[in-house]
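Next up, model.pdb (PDB, C-alpha atoms, pLDDT in the B column):
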```pdb
ATOM      1  CA  MET A1404     -17.141 -15.470 -15.701  1.00 55.00           C
ATOM      2  CA  ASP A1405     -20.936 -15.609 -15.663  1.00 66.00           C
ATOM      3  CA  GLU A1406     -21.611 -19.234 -14.772  1.00 79.00           C
ATOM      4  CA  ILE A1407     -20.215 -22.636 -13.834  1.00 85.00           C
ATOM      5  CA  GLU A1408     -20.521 -25.296 -16.527  1.00 87.00           C
ATOM      6  CA  VAL A1409     -20.894 -28.950 -15.596  1.00 85.00           C
ATOM      7  CA  VAL A1410     -18.843 -30.732 -18.246  1.00 84.00           C
ATOM      8  CA  VAL A1411     -19.438 -34.269 -16.986  1.00 81.00           C
ATOM      9  CA  ALA A1412     -20.697 -35.659 -13.706  1.00 79.00           C
ATOM     10  CA  HIS A1413     -21.417 -39.143 -12.372  1.00 78.00           C
ATOM     11  CA  SER A1414     -20.827 -41.111  -9.183  1.00 77.00           C
ATOM     12  CA  GLU A1415     -17.087 -41.597  -9.809  1.00 80.00           C
ATOM     13  CA  ARG A1416     -15.985 -38.144 -10.884  1.00 85.00           C
ATOM     14  CA  ALA A1417     -17.110 -34.717 -12.027  1.00 90.00           C
ATOM     15  CA  THR A1418     -15.570 -31.965 -14.129  1.00 90.00           C
ATOM     16  CA  LEU A1419     -16.627 -28.334 -13.868  1.00 89.00           C
ATOM     17  CA  ARG A1420     -15.565 -25.376 -15.978  1.00 88.00           C
ATOM     18  CA  ALA A1421     -15.172 -21.918 -14.491  1.00 89.00           C
ATOM     19  CA  GLY A1422     -13.993 -19.541 -17.193  1.00 89.00           C
ATOM     20  CA  ASP A1423     -10.647 -20.847 -18.461  1.00 92.00           C
ATOM     21  CA  VAL A1424     -10.179 -23.256 -15.540  1.00 93.00           C
ATOM     22  CA  PHE A1425     -11.367 -26.845 -15.328  1.00 90.00           C
ATOM     23  CA  LEU A1426     -11.952 -28.314 -11.872  1.00 93.00           C
ATOM     24  CA  LYS A1427     -11.795 -32.101 -11.798  1.00 92.00           C
ATOM     25  CA  VAL A1428     -13.192 -33.830  -8.719  1.00 93.00           C
ATOM     26  CA  ASP A1429     -12.325 -37.520  -8.495  1.00 91.00           C
ATOM     27  CA  ALA A1430     -13.132 -40.003  -5.748  1.00 87.00           C
ATOM     28  CA  ASP A1431     -10.125 -42.109  -6.769  1.00 89.00           C
ATOM     29  CA  GLN A1432      -6.964 -40.119  -6.125  1.00 91.00           C
ATOM     30  CA  ALA A1433      -4.885 -42.803  -7.844  1.00 90.00           C
ATOM     31  CA  ARG A1434      -6.468 -41.702 -11.128  1.00 90.00           C
ATOM     32  CA  THR A1435      -5.474 -38.114 -10.434  1.00 93.00           C
ATOM     33  CA  ASP A1436      -1.935 -39.199  -9.548  1.00 93.00           C
ATOM     34  CA  VAL A1437      -1.672 -40.913 -12.928  1.00 93.00           C
ATOM     35  CA  GLU A1438      -3.142 -37.942 -14.753  1.00 95.00           C
ATOM     36  CA  VAL A1439      -0.685 -35.439 -13.274  1.00 96.00           C
ATOM     37  CA  GLU A1440       2.360 -37.638 -13.842  1.00 96.00           C
ATOM     38  CA  ALA A1441       1.306 -38.632 -17.354  1.00 97.00           C
ATOM     39  CA  MET A1442       0.897 -35.010 -18.408  1.00 97.00           C
ATOM     40  CA  SER A1443       4.356 -34.224 -17.070  1.00 97.00           C
ATOM     41  CA  LEU A1444       5.939 -37.082 -19.055  1.00 97.00           C
ATOM     42  CA  ALA A1445       3.993 -37.078 -22.318  1.00 98.00           C
ATOM     43  CA  PRO A1446       5.925 -35.431 -25.213  1.00 97.00           C
ATOM     44  CA  VAL A1447       2.725 -33.964 -26.664  1.00 98.00           C
ATOM     45  CA  PRO A1448       0.622 -30.864 -25.893  1.00 97.00           C
ATOM     46  CA  THR A1449      -1.183 -31.236 -22.552  1.00 97.00           C
ATOM     47  CA  PRO A1450      -3.083 -28.870 -20.244  1.00 96.00           C
ATOM     48  CA  GLN A1451      -1.229 -26.842 -17.637  1.00 96.00           C
ATOM     49  CA  VAL A1452      -1.786 -28.012 -14.070  1.00 96.00           C
ATOM     50  CA  LEU A1453      -2.672 -24.910 -12.017  1.00 97.00           C
ATOM     51  CA  TRP A1454      -3.021 -26.470  -8.572  1.00 96.00           C
ATOM     52  CA  ARG A1455      -4.113 -29.597  -6.775  1.00 95.00           C
ATOM     53  CA  LYS A1456      -5.950 -29.912  -3.481  1.00 94.00           C
ATOM     54  CA  PRO A1457      -7.422 -33.434  -3.198  1.00 92.00           C
ATOM     55  CA  PRO A1458      -9.965 -34.349  -4.314  1.00 94.00           C
ATOM     56  CA  VAL A1459      -9.790 -31.380  -6.740  1.00 94.00           C
ATOM     57  CA  LEU A1460      -7.370 -30.883  -9.622  1.00 95.00           C
ATOM     58  CA  ALA A1461      -7.379 -27.526 -11.415  1.00 96.00           C
ATOM     59  CA  ILE A1462      -6.094 -27.365 -14.978  1.00 96.00           C
ATOM     60  CA  ALA A1463      -6.067 -24.604 -17.567  1.00 96.00           C
ATOM     61  CA  ALA A1464      -8.264 -24.834 -20.634  1.00 93.00           C
ATOM     62  CA  VAL A1465      -6.396 -25.638 -23.827  1.00 93.00           C
ATOM     63  CA  PRO A1466      -6.919 -23.436 -26.882  1.00 93.00           C
ATOM     64  CA  GLY A1467      -8.848 -24.573 -29.917  1.00 93.00           C
ATOM     65  CA  THR A1468     -11.866 -26.826 -30.332  1.00 92.00           C
ATOM     66  CA  VAL A1469     -12.432 -30.556 -30.001  1.00 93.00           C
ATOM     67  CA  LEU A1470     -11.476 -32.685 -32.984  1.00 96.00           C
ATOM     68  CA  GLY A1471     -15.012 -34.082 -33.068  1.00 94.00           C
ATOM     69  CA  ARG A1472     -17.806 -35.556 -30.980  1.00 93.00           C
ATOM     70  CA  LEU A1473     -19.132 -39.082 -30.787  1.00 94.00           C
ATOM     71  CA  GLY A1474     -22.556 -39.121 -32.399  1.00 92.00           C
ATOM     72  CA  GLY A1475     -21.934 -36.054 -34.558  1.00 88.00           C
ATOM     73  CA  PRO A1476     -20.009 -35.204 -37.713  1.00 85.00           C
ATOM     74  CA  SER A1477     -16.521 -33.781 -37.344  1.00 86.00           C
ATOM     75  CA  THR A1478     -15.963 -30.380 -38.940  1.00 89.00           C
ATOM     76  CA  ALA A1479     -12.185 -30.710 -38.522  1.00 94.00           C
ATOM     77  CA  SER A1480     -10.138 -31.041 -41.688  1.00 96.00           C
ATOM     78  CA  ALA A1481      -8.460 -34.196 -42.925  1.00 97.00           C
ATOM     79  CA  ALA A1482      -5.157 -32.475 -42.106  1.00 98.00           C
ATOM     80  CA  ALA A1483      -6.263 -31.985 -38.489  1.00 98.00           C
ATOM     81  CA  TRP A1484      -7.083 -35.685 -38.165  1.00 98.00           C
ATOM     82  CA  ALA A1485      -3.713 -36.540 -39.709  1.00 98.00           C
ATOM     83  CA  ALA A1486      -2.023 -34.171 -37.252  1.00 98.00           C
ATOM     84  CA  ALA A1487      -3.758 -36.049 -34.423  1.00 98.00           C
ATOM     85  CA  GLY A1488      -2.354 -39.284 -35.810  1.00 98.00           C
ATOM     86  CA  ALA A1489       1.153 -37.804 -35.892  1.00 98.00           C
ATOM     87  CA  VAL A1490       0.916 -36.583 -32.294  1.00 98.00           C
ATOM     88  CA  ILE A1491      -0.320 -39.990 -31.147  1.00 98.00           C
ATOM     89  CA  ARG A1492       2.676 -41.600 -32.857  1.00 98.00           C
ATOM     90  CA  GLN A1493       4.947 -39.231 -30.872  1.00 98.00           C
ATOM     91  CA  LEU A1494       3.308 -40.400 -27.667  1.00 98.00           C
ATOM     92  CA  HIS A1495       3.560 -44.068 -28.583  1.00 98.00           C
ATOM     93  CA  GLU A1496       7.268 -43.728 -29.396  1.00 98.00           C
ATOM     94  CA  ALA A1497       8.071 -42.062 -26.053  1.00 98.00           C
ATOM     95  CA  PRO A1498       9.760 -44.013 -23.234  1.00 98.00           C
ATOM     96  CA  LEU A1499       7.342 -46.217 -21.332  1.00 97.00           C
ATOM     97  CA  PRO A1500       5.934 -44.686 -18.143  1.00 95.00           C
ATOM     98  CA  PRO A1501       6.965 -46.394 -14.888  1.00 93.00           C
ATOM     99  CA  TRP A1502       3.447 -47.594 -14.030  1.00 90.00           C
ATOM    100  CA  PRO A1503       1.628 -50.452 -15.809  1.00 84.00           C
ATOM    101  CA  GLY A1504      -1.553 -48.687 -16.876  1.00 74.00           C
ATOM    102  CA  ARG A1505      -5.099 -49.244 -15.658  1.00 69.00           C
ATOM    103  CA  ARG A1506      -6.114 -51.058 -18.860  1.00 62.00           C
ATOM    104  CA  ARG A1507      -3.094 -53.406 -18.958  1.00 59.00           C
ATOM    105  CA  ARG A1508      -4.649 -56.862 -19.210  1.00 69.00           C
ATOM    106  CA  GLY A1509      -3.779 -60.084 -20.958  1.00 76.00           C
ATOM    107  CA  PRO A1510      -5.933 -61.580 -23.746  1.00 80.00           C
ATOM    108  CA  ASP A1511      -7.512 -64.117 -21.379  1.00 85.00           C
ATOM    109  CA  GLU A1512      -8.579 -61.354 -18.975  1.00 87.00           C
ATOM    110  CA  TRP A1513     -10.088 -59.267 -21.781  1.00 87.00           C
ATOM    111  CA  ALA A1514     -11.926 -62.316 -23.163  1.00 91.00           C
ATOM    112  CA  ALA A1515     -13.315 -63.310 -19.764  1.00 92.00           C
ATOM    113  CA  GLU A1516     -14.574 -59.784 -19.044  1.00 93.00           C
ATOM    114  CA  LEU A1517     -16.083 -59.517 -22.497  1.00 95.00           C
ATOM    115  CA  ASP A1518     -17.869 -62.860 -22.199  1.00 96.00           C
ATOM    116  CA  ARG A1519     -19.386 -61.831 -18.846  1.00 96.00           C
ATOM    117  CA  GLU A1520     -20.550 -58.524 -20.257  1.00 97.00           C
ATOM    118  CA  CYS A1521     -22.006 -60.072 -23.405  1.00 97.00           C
ATOM    119  CA  GLU A1522     -24.013 -62.504 -21.272  1.00 97.00           C
ATOM    120  CA  LEU A1523     -25.388 -59.641 -19.170  1.00 97.00           C
ATOM    121  CA  LEU A1524     -26.274 -57.580 -22.245  1.00 97.00           C
ATOM    122  CA  VAL A1525     -28.357 -60.430 -23.643  1.00 97.00           C
ATOM    123  CA  THR A1526     -29.796 -61.738 -20.370  1.00 97.00           C
ATOM    124  CA  ASN A1527     -30.945 -58.266 -19.299  1.00 95.00           C
ATOM    125  CA  GLY A1528     -32.377 -57.474 -22.727  1.00 95.00           C
ATOM    126  CA  VAL A1529     -30.075 -54.499 -23.283  1.00 95.00           C
ATOM    127  CA  LEU A1530     -29.048 -55.619 -26.780  1.00 97.00           C
ATOM    128  CA  PRO A1531     -30.309 -58.346 -29.146  1.00 97.00           C
ATOM    129  CA  ALA A1532     -28.392 -61.617 -29.098  1.00 97.00           C
ATOM    130  CA  ASP A1533     -27.428 -61.572 -32.780  1.00 98.00           C
ATOM    131  CA  LEU A1534     -25.864 -58.108 -32.441  1.00 98.00           C
ATOM    132  CA  VAL A1535     -23.872 -59.169 -29.390  1.00 98.00           C
ATOM    133  CA  THR A1536     -22.782 -62.467 -30.935  1.00 98.00           C
ATOM    134  CA  ARG A1537     -21.572 -60.891 -34.165  1.00 98.00           C
ATOM    135  CA  ASN A1538     -19.560 -58.190 -32.386  1.00 98.00           C
ATOM    136  CA  ARG A1539     -18.120 -60.726 -29.941  1.00 97.00           C
ATOM    137  CA  GLN A1540     -16.786 -62.557 -32.996  1.00 97.00           C
ATOM    138  CA  VAL A1541     -15.318 -59.364 -34.450  1.00 97.00           C
ATOM    139  CA  ALA A1542     -13.706 -58.551 -31.089  1.00 97.00           C
ATOM    140  CA  GLU A1543     -11.559 -61.704 -31.226  1.00 95.00           C
ATOM    141  CA  ALA A1544      -8.984 -59.867 -33.360  1.00 96.00           C
ATOM    142  CA  ALA A1545      -8.274 -57.495 -30.454  1.00 94.00           C
ATOM    143  CA  PHE A1546      -6.637 -60.322 -28.532  1.00 92.00           C
ATOM    144  CA  ARG A1547      -3.641 -60.551 -30.860  1.00 90.00           C
ATOM    145  CA  PRO A1548      -0.174 -60.057 -29.305  1.00 89.00           C
ATOM    146  CA  TRP A1549       0.943 -56.454 -28.890  1.00 90.00           C
ATOM    147  CA  THR A1550       3.934 -54.514 -27.650  1.00 93.00           C
ATOM    148  CA  PRO A1551       3.247 -51.984 -24.866  1.00 93.00           C
ATOM    149  CA  VAL A1552       3.617 -48.285 -25.658  1.00 96.00           C
ATOM    150  CA  PHE A1553       3.057 -45.060 -23.740  1.00 97.00           C
ATOM    151  CA  ALA A1554      -0.711 -44.985 -24.271  1.00 97.00           C
ATOM    152  CA  HIS A1555      -3.317 -42.396 -23.368  1.00 96.00           C
ATOM    153  CA  GLY A1556      -5.806 -45.138 -22.531  1.00 94.00           C
ATOM    154  CA  ASP A1557      -8.995 -43.094 -23.077  1.00 94.00           C
ATOM    155  CA  LEU A1558      -8.289 -41.168 -26.278  1.00 96.00           C
ATOM    156  CA  GLN A1559     -11.856 -40.199 -27.087  1.00 94.00           C
ATOM    157  CA  VAL A1560     -12.235 -37.758 -29.968  1.00 96.00           C
ATOM    158  CA  GLU A1561     -13.464 -35.084 -27.533  1.00 92.00           C
ATOM    159  CA  HIS A1562     -10.175 -35.314 -25.649  1.00 94.00           C
ATOM    160  CA  VAL A1563      -8.155 -33.987 -28.601  1.00 96.00           C
ATOM    161  CA  PHE A1564      -8.175 -30.234 -29.280  1.00 94.00           C
ATOM    162  CA  VAL A1565      -7.123 -28.595 -32.530  1.00 97.00           C
ATOM    163  CA  ASP A1566      -6.723 -25.093 -33.889  1.00 96.00           C
ATOM    164  CA  GLY A1567      -6.955 -25.266 -37.651  1.00 95.00           C
ATOM    165  CA  ASP A1568      -4.710 -28.162 -38.653  1.00 96.00           C
ATOM    166  CA  GLU A1569      -2.640 -28.149 -35.445  1.00 97.00           C
ATOM    167  CA  VAL A1570      -3.173 -30.191 -32.289  1.00 98.00           C
ATOM    168  CA  THR A1571      -3.207 -27.804 -29.337  1.00 97.00           C
ATOM    169  CA  GLY A1572      -3.780 -30.224 -26.495  1.00 95.00           C
ATOM    170  CA  ILE A1573      -4.836 -33.680 -25.350  1.00 96.00           C
ATOM    171  CA  ILE A1574      -6.803 -33.868 -22.092  1.00 94.00           C
ATOM    172  CA  ASP A1575      -7.989 -36.465 -19.543  1.00 93.00           C
ATOM    173  CA  TRP A1576      -4.930 -38.632 -18.857  1.00 95.00           C
ATOM    174  CA  SER A1577      -6.220 -40.640 -15.874  1.00 92.00           C
ATOM    175  CA  GLU A1578      -6.149 -43.939 -17.814  1.00 93.00           C
ATOM    176  CA  ALA A1579      -2.634 -43.428 -19.227  1.00 95.00           C
ATOM    177  CA  GLY A1580       0.109 -45.989 -18.868  1.00 94.00           C
ATOM    178  CA  ARG A1581       1.708 -48.891 -20.696  1.00 94.00           C
ATOM    179  CA  GLY A1582      -0.971 -49.857 -23.148  1.00 92.00           C
ATOM    180  CA  ASN A1583      -1.981 -50.954 -26.622  1.00 93.00           C
ATOM    181  CA  ALA A1584      -1.322 -48.509 -29.459  1.00 96.00           C
ATOM    182  CA  LEU A1585      -4.254 -49.828 -31.484  1.00 96.00           C
ATOM    183  CA  PHE A1586      -6.626 -49.308 -28.563  1.00 95.00           C
ATOM    184  CA  ASP A1587      -5.731 -45.589 -28.627  1.00 97.00           C
ATOM    185  CA  LEU A1588      -6.249 -45.357 -32.394  1.00 98.00           C
ATOM    186  CA  ALA A1589      -9.534 -47.237 -32.193  1.00 97.00           C
ATOM    187  CA  THR A1590     -10.820 -45.082 -29.336  1.00 97.00           C
ATOM    188  CA  LEU A1591     -10.027 -41.891 -31.251  1.00 97.00           C
ATOM    189  CA  THR A1592     -11.868 -43.066 -34.376  1.00 97.00           C
ATOM    190  CA  LEU A1593     -14.815 -44.749 -32.630  1.00 97.00           C
ATOM    191  CA  GLY A1594     -17.925 -43.588 -34.496  1.00 96.00           C
ATOM    192  CA  HIS A1595     -15.731 -41.801 -37.058  1.00 96.00           C
ATOM    193  CA  GLU A1596     -14.658 -44.731 -39.212  1.00 95.00           C
ATOM    194  CA  GLU A1597     -14.438 -42.461 -42.249  1.00 95.00           C
ATOM    195  CA  ARG A1598     -11.540 -40.602 -40.571  1.00 97.00           C
ATOM    196  CA  LEU A1599      -9.408 -43.679 -39.920  1.00 97.00           C
ATOM    197  CA  ASP A1600      -7.404 -43.314 -43.152  1.00 97.00           C
ATOM    198  CA  ASP A1601      -6.506 -39.718 -42.241  1.00 98.00           C
ATOM    199  CA  VAL A1602      -5.358 -40.733 -38.758  1.00 98.00           C
ATOM    200  CA  ILE A1603      -3.269 -43.610 -40.105  1.00 98.00           C
ATOM    201  CA  ALA A1604      -1.698 -41.312 -42.720  1.00 98.00           C
ATOM    202  CA  GLY A1605      -0.547 -39.023 -39.935  1.00 98.00           C
ATOM    203  CA  TYR A1606       0.465 -41.924 -37.709  1.00 98.00           C
ATOM    204  CA  GLY A1607       2.871 -42.914 -40.446  1.00 96.00           C
ATOM    205  CA  THR A1608       3.065 -46.680 -40.158  1.00 93.00           C
ATOM    206  CA  ASP A1609       1.006 -49.708 -41.102  1.00 92.00           C
ATOM    207  CA  VAL A1610      -1.572 -50.777 -38.538  1.00 95.00           C
ATOM    208  CA  ASP A1611      -3.723 -53.864 -38.113  1.00 96.00           C
ATOM    209  CA  LEU A1612      -7.107 -52.665 -39.389  1.00 96.00           C
ATOM    210  CA  ASP A1613      -8.911 -55.814 -38.248  1.00 96.00           C
ATOM    211  CA  ALA A1614      -7.627 -55.216 -34.728  1.00 96.00           C
ATOM    212  CA  ILE A1615      -8.844 -51.611 -34.766  1.00 97.00           C
ATOM    213  CA  ARG A1616     -12.300 -52.749 -35.874  1.00 97.00           C
ATOM    214  CA  ALA A1617     -12.170 -55.371 -33.147  1.00 97.00           C
ATOM    215  CA  TRP A1618     -11.446 -52.718 -30.510  1.00 97.00           C
ATOM    216  CA  TRP A1619     -14.426 -50.701 -31.794  1.00 98.00           C
ATOM    217  CA  SER A1620     -16.655 -53.703 -31.102  1.00 98.00           C
ATOM    218  CA  LEU A1621     -14.983 -54.595 -27.802  1.00 97.00           C
ATOM    219  CA  ARG A1622     -15.020 -51.078 -26.374  1.00 95.00           C
ATOM    220  CA  SER A1623     -18.659 -50.611 -27.391  1.00 97.00           C
ATOM    221  CA  LEU A1624     -19.793 -53.933 -25.931  1.00 98.00           C
ATOM    222  CA  LEU A1625     -18.041 -53.208 -22.647  1.00 96.00           C
ATOM    223  CA  GLY A1626     -19.332 -49.645 -22.516  1.00 95.00           C
ATOM    224  CA  VAL A1627     -23.049 -49.864 -23.276  1.00 97.00           C
ATOM    225  CA  ARG A1628     -24.309 -51.026 -19.888  1.00 95.00           C
ATOM    226  CA  TRP A1629     -21.977 -48.692 -17.928  1.00 92.00           C
ATOM    227  CA  LEU A1630     -23.099 -45.732 -20.029  1.00 93.00           C
ATOM    228  CA  VAL A1631     -26.778 -46.494 -19.466  1.00 93.00           C
ATOM    229  CA  GLU A1632     -26.267 -46.912 -15.721  1.00 90.00           C
ATOM    230  CA  HIS A1633     -24.407 -43.573 -15.484  1.00 87.00           C
ATOM    231  CA  GLY A1634     -26.939 -41.482 -17.379  1.00 88.00           C
ATOM    232  CA  PHE A1635     -25.424 -41.505 -20.865  1.00 90.00           C
ATOM    233  CA  ASP A1636     -27.128 -42.655 -24.082  1.00 96.00           C
ATOM    234  CA  PRO A1637     -25.185 -45.210 -26.143  1.00 96.00           C
ATOM    235  CA  PHE A1638     -28.292 -45.631 -28.324  1.00 97.00           C
ATOM    236  CA  ALA A1639     -28.060 -42.062 -29.662  1.00 96.00           C
ATOM    237  CA  PRO A1640     -27.361 -41.828 -33.411  1.00 95.00           C
ATOM    238  CA  GLY A1641     -23.707 -42.462 -34.223  1.00 95.00           C
ATOM    239  CA  CYS A1642     -22.840 -43.709 -30.739  1.00 96.00           C
ATOM    240  CA  GLU A1643     -21.832 -47.124 -29.389  1.00 97.00           C
ATOM    241  CA  VAL A1644     -24.894 -49.127 -30.438  1.00 97.00           C
ATOM    242  CA  ASP A1645     -24.673 -47.769 -33.981  1.00 97.00           C
ATOM    243  CA  VAL A1646     -20.979 -48.729 -33.983  1.00 97.00           C
ATOM    244  CA  LEU A1647     -22.027 -52.276 -33.114  1.00 98.00           C
ATOM    245  CA  ARG A1648     -24.743 -52.289 -35.796  1.00 97.00           C
ATOM    246  CA  SER A1649     -22.221 -51.225 -38.427  1.00 96.00           C
ATOM    247  CA  ARG A1650     -20.440 -54.560 -38.013  1.00 94.00           C
ATOM    248  CA  MET A1651     -23.539 -56.547 -39.000  1.00 89.00           C
TER     249      MET A1651
END
```
This entry written out as structure tokens:
Amino acid sequence: MDEIEVVVAHSERATLRAGDVFLKVDADQARTDVEVEAMSLAPVPTPQVLWRKPPVLAIAAVPGTVLGRLGGPSTASAAAWAAAGAVIRQLHEAPLPPWPGRRRRGPDEWAAELDRECELLVTNGVLPADLVTRNRQVAEAAFRPWTPVFAHGDLQVEHVFVDGDEVTGIIDWSEAGRGNALFDLATLTLGHEERLDDVIAGYGTDVDLDAIRAWWSLRSLLGVRWLVEHGFDPFAPGCEVDVLRSRM
């Protein structure tokens, strides 16, 4: 081991890599509690927990490479994306975890939060009003009734690792719980709309495409300001703002 790599770092949490070990430092130990328990219950490949000494959790690196990256093209095969869809279906069909999930909200709560955020985005000049208004309209379809499943809750494309056409691990389970299956599928394909058909083929059942598109808009609208404030760039090519523009 020649160096320590800072994988991600902001005021809430940080992840460091030292060789084949990831050290996750989190100010909210409830998130770490969820992550450890979710990995023990999920019937899909997850990292091995090496040790825990609050506020640090040490986990082993999973083999393979990330399925893709937001803002960049995915070099993974269509079969790898389909395999990700199949693994997600396994997770969603597993028994519900005993905790509710950090993202478990009713439609009225989602709508109220979204309306507040849209107002701030326009008032503060972060995004143009027509872009916000159009995506707020698209996001309405996300509020349709849904049945809770065992959801990852933050299934970003960089959280899924593959080796060839096989999924070798899914990481970062701190948002897991009883959640919306379509939110997971939308999060995975955010910025990779061209891969949605492959994921659905692997998932193996019909899904509400309008709802997935709605979650793309909703997640992006809710994320832009937080990303800017925490040192990330949602305006980079292929990232959240481009996702919003694609709905125009």
>> Give me, as JSON, numbers by chain, all polymer residues having an atom no more than 8 Å from Asn1583 (chain A), counting all atoms listed in the file and skipping those fewer than 4 positions away in the same chain.
In response: {"A": [1549, 1550, 1551, 1552, 1554, 1587]}
Expected residue set, 12 Å radius at (-9.0, -53.9, -33.4), all atoms listed in the file, as an mmCIF file with C-alpha atoms, in the frame of the given file:
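Written out: out.cif:
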```cif
data_model
loop_
_atom_site.group_PDB
_atom_site.id
_atom_site.type_symbol
_atom_site.label_atom_id
_atom_site.label_comp_id
_atom_site.auth_asym_id
_atom_site.auth_seq_id
_atom_site.Cartn_x
_atom_site.Cartn_y
_atom_site.Cartn_z
ATOM 1 C CA ASN A 1538 -19.560 -58.190 -32.386
ATOM 2 C CA ARG A 1539 -18.120 -60.726 -29.941
ATOM 3 C CA GLN A 1540 -16.786 -62.557 -32.996
ATOM 4 C CA VAL A 1541 -15.318 -59.364 -34.450
ATOM 5 C CA ALA A 1542 -13.706 -58.551 -31.089
ATOM 6 C CA GLU A 1543 -11.559 -61.704 -31.226
ATOM 7 C CA ALA A 1544 -8.984 -59.867 -33.360
ATOM 8 C CA ALA A 1545 -8.274 -57.495 -30.454
ATOM 9 C CA PHE A 1546 -6.637 -60.322 -28.532
ATOM 10 C CA ARG A 1547 -3.641 -60.551 -30.860
ATOM 11 C CA PRO A 1548 -0.174 -60.057 -29.305
ATOM 12 C CA TRP A 1549 0.943 -56.454 -28.890
ATOM 13 C CA ASN A 1583 -1.981 -50.954 -26.622
ATOM 14 C CA ALA A 1584 -1.322 -48.509 -29.459
ATOM 15 C CA LEU A 1585 -4.254 -49.828 -31.484
ATOM 16 C CA PHE A 1586 -6.626 -49.308 -28.563
ATOM 17 C CA ASP A 1587 -5.731 -45.589 -28.627
ATOM 18 C CA LEU A 1588 -6.249 -45.357 -32.394
ATOM 19 C CA ALA A 1589 -9.534 -47.237 -32.193
ATOM 20 C CA THR A 1590 -10.820 -45.082 -29.336
ATOM 21 C CA THR A 1592 -11.868 -43.066 -34.376
ATOM 22 C CA LEU A 1593 -14.815 -44.749 -32.630
ATOM 23 C CA VAL A 1610 -1.572 -50.777 -38.538
ATOM 24 C CA ASP A 1611 -3.723 -53.864 -38.113
ATOM 25 C CA LEU A 1612 -7.107 -52.665 -39.389
ATOM 26 C CA ASP A 1613 -8.911 -55.814 -38.248
ATOM 27 C CA ALA A 1614 -7.627 -55.216 -34.728
ATOM 28 C CA ILE A 1615 -8.844 -51.611 -34.766
ATOM 29 C CA ARG A 1616 -12.300 -52.749 -35.874
ATOM 30 C CA ALA A 1617 -12.170 -55.371 -33.147
ATOM 31 C CA TRP A 1618 -11.446 -52.718 -30.510
ATOM 32 C CA TRP A 1619 -14.426 -50.701 -31.794
ATOM 33 C CA SER A 1620 -16.655 -53.703 -31.102
ATOM 34 C CA LEU A 1621 -14.983 -54.595 -27.802
ATOM 35 C CA ARG A 1622 -15.020 -51.078 -26.374
ATOM 36 C CA SER A 1623 -18.659 -50.611 -27.391
#
```
>> With the PyMOL selection byres ((chain A and resi 1439-1447) around 12) as the selection, what would be picked from this file? Answer as a count of residues only, please.
In response: 59
>> Applying the PyMOL selection byres ((chain A and resi 1624) around 12) to the file I just gave you, which residues come out? Please list them as a PyMOL selection string.
In response: chain A and resi 1513-1514+1516-1525+1529-1532+1534-1542+1617-1623+1625-1630+1637+1642-1648
>> To one decimal place in Å, what is the distance between CA of His1633 (chain A) and CA of Val1411 (chain A)?
In response: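 CA of His1633 (chain A) sits 10.7 Å away from CA of Val1411 (chain A).
Picture a line from CA of His1562 (chain A) to CA of Gly1605 (chain A); it runs 17.6 Å.
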> Rounded to one decimal in Å, what is the spacing between CA of Glu1596 (chain A) and CA of Gly1475 (chain A)?
Replying inline: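 Straight-line distance from CA of Glu1596 (chain A) to CA of Gly1475 (chain A) works out to 12.2 Å.
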> Care to translate the PyMOL selection byres ((chain A and resi 1464) around 7) into actual residues of this file, as JSON, numbers by chain?
Replying inline: {"A": [1423, 1424, 1425, 1450, 1462, 1463, 1465, 1466]}
Please put the answer as AutoDock Vina command-line options: centre and edge lengths, in Å with one decimal, of a box along x, y and z that encloses all listed atoms of region 1594-1604 of chain A plus 3 Å on each side.
```
--center_x -9.8 --center_y -42.2 --center_z -38.8 --size_x 22.2 --size_y 11.0 --size_z 14.7
```
> Taking into account only C-alpha atoms, which residue in the set A:Val1428, A:Ala1483, A:Val1560, A:Ile1603 is nearest to Gly1471 (chain A)?
Replying inline: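 Closest to Gly1471 (chain A), using only C-alpha atoms: A:Val1560.
Nearest residue to Gly1567 (chain A) among A:Thr1468, A:Thr1608, A:Asn1527, A:Ser1649 is A:Thr1468, counting all atoms listed in the file.
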> Counting all atoms listed in the file, which of A:Arg1472, A:Pro1640, A:Asp1557, A:Ser1477 gets nearest to Glu1597 (chain A)?
Replying inline: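 Checking each of A:Arg1472, A:Pro1640, A:Asp1557, A:Ser1477 against Glu1597 (chain A), counting all atoms listed in the file, the winner is A:Ser1477.
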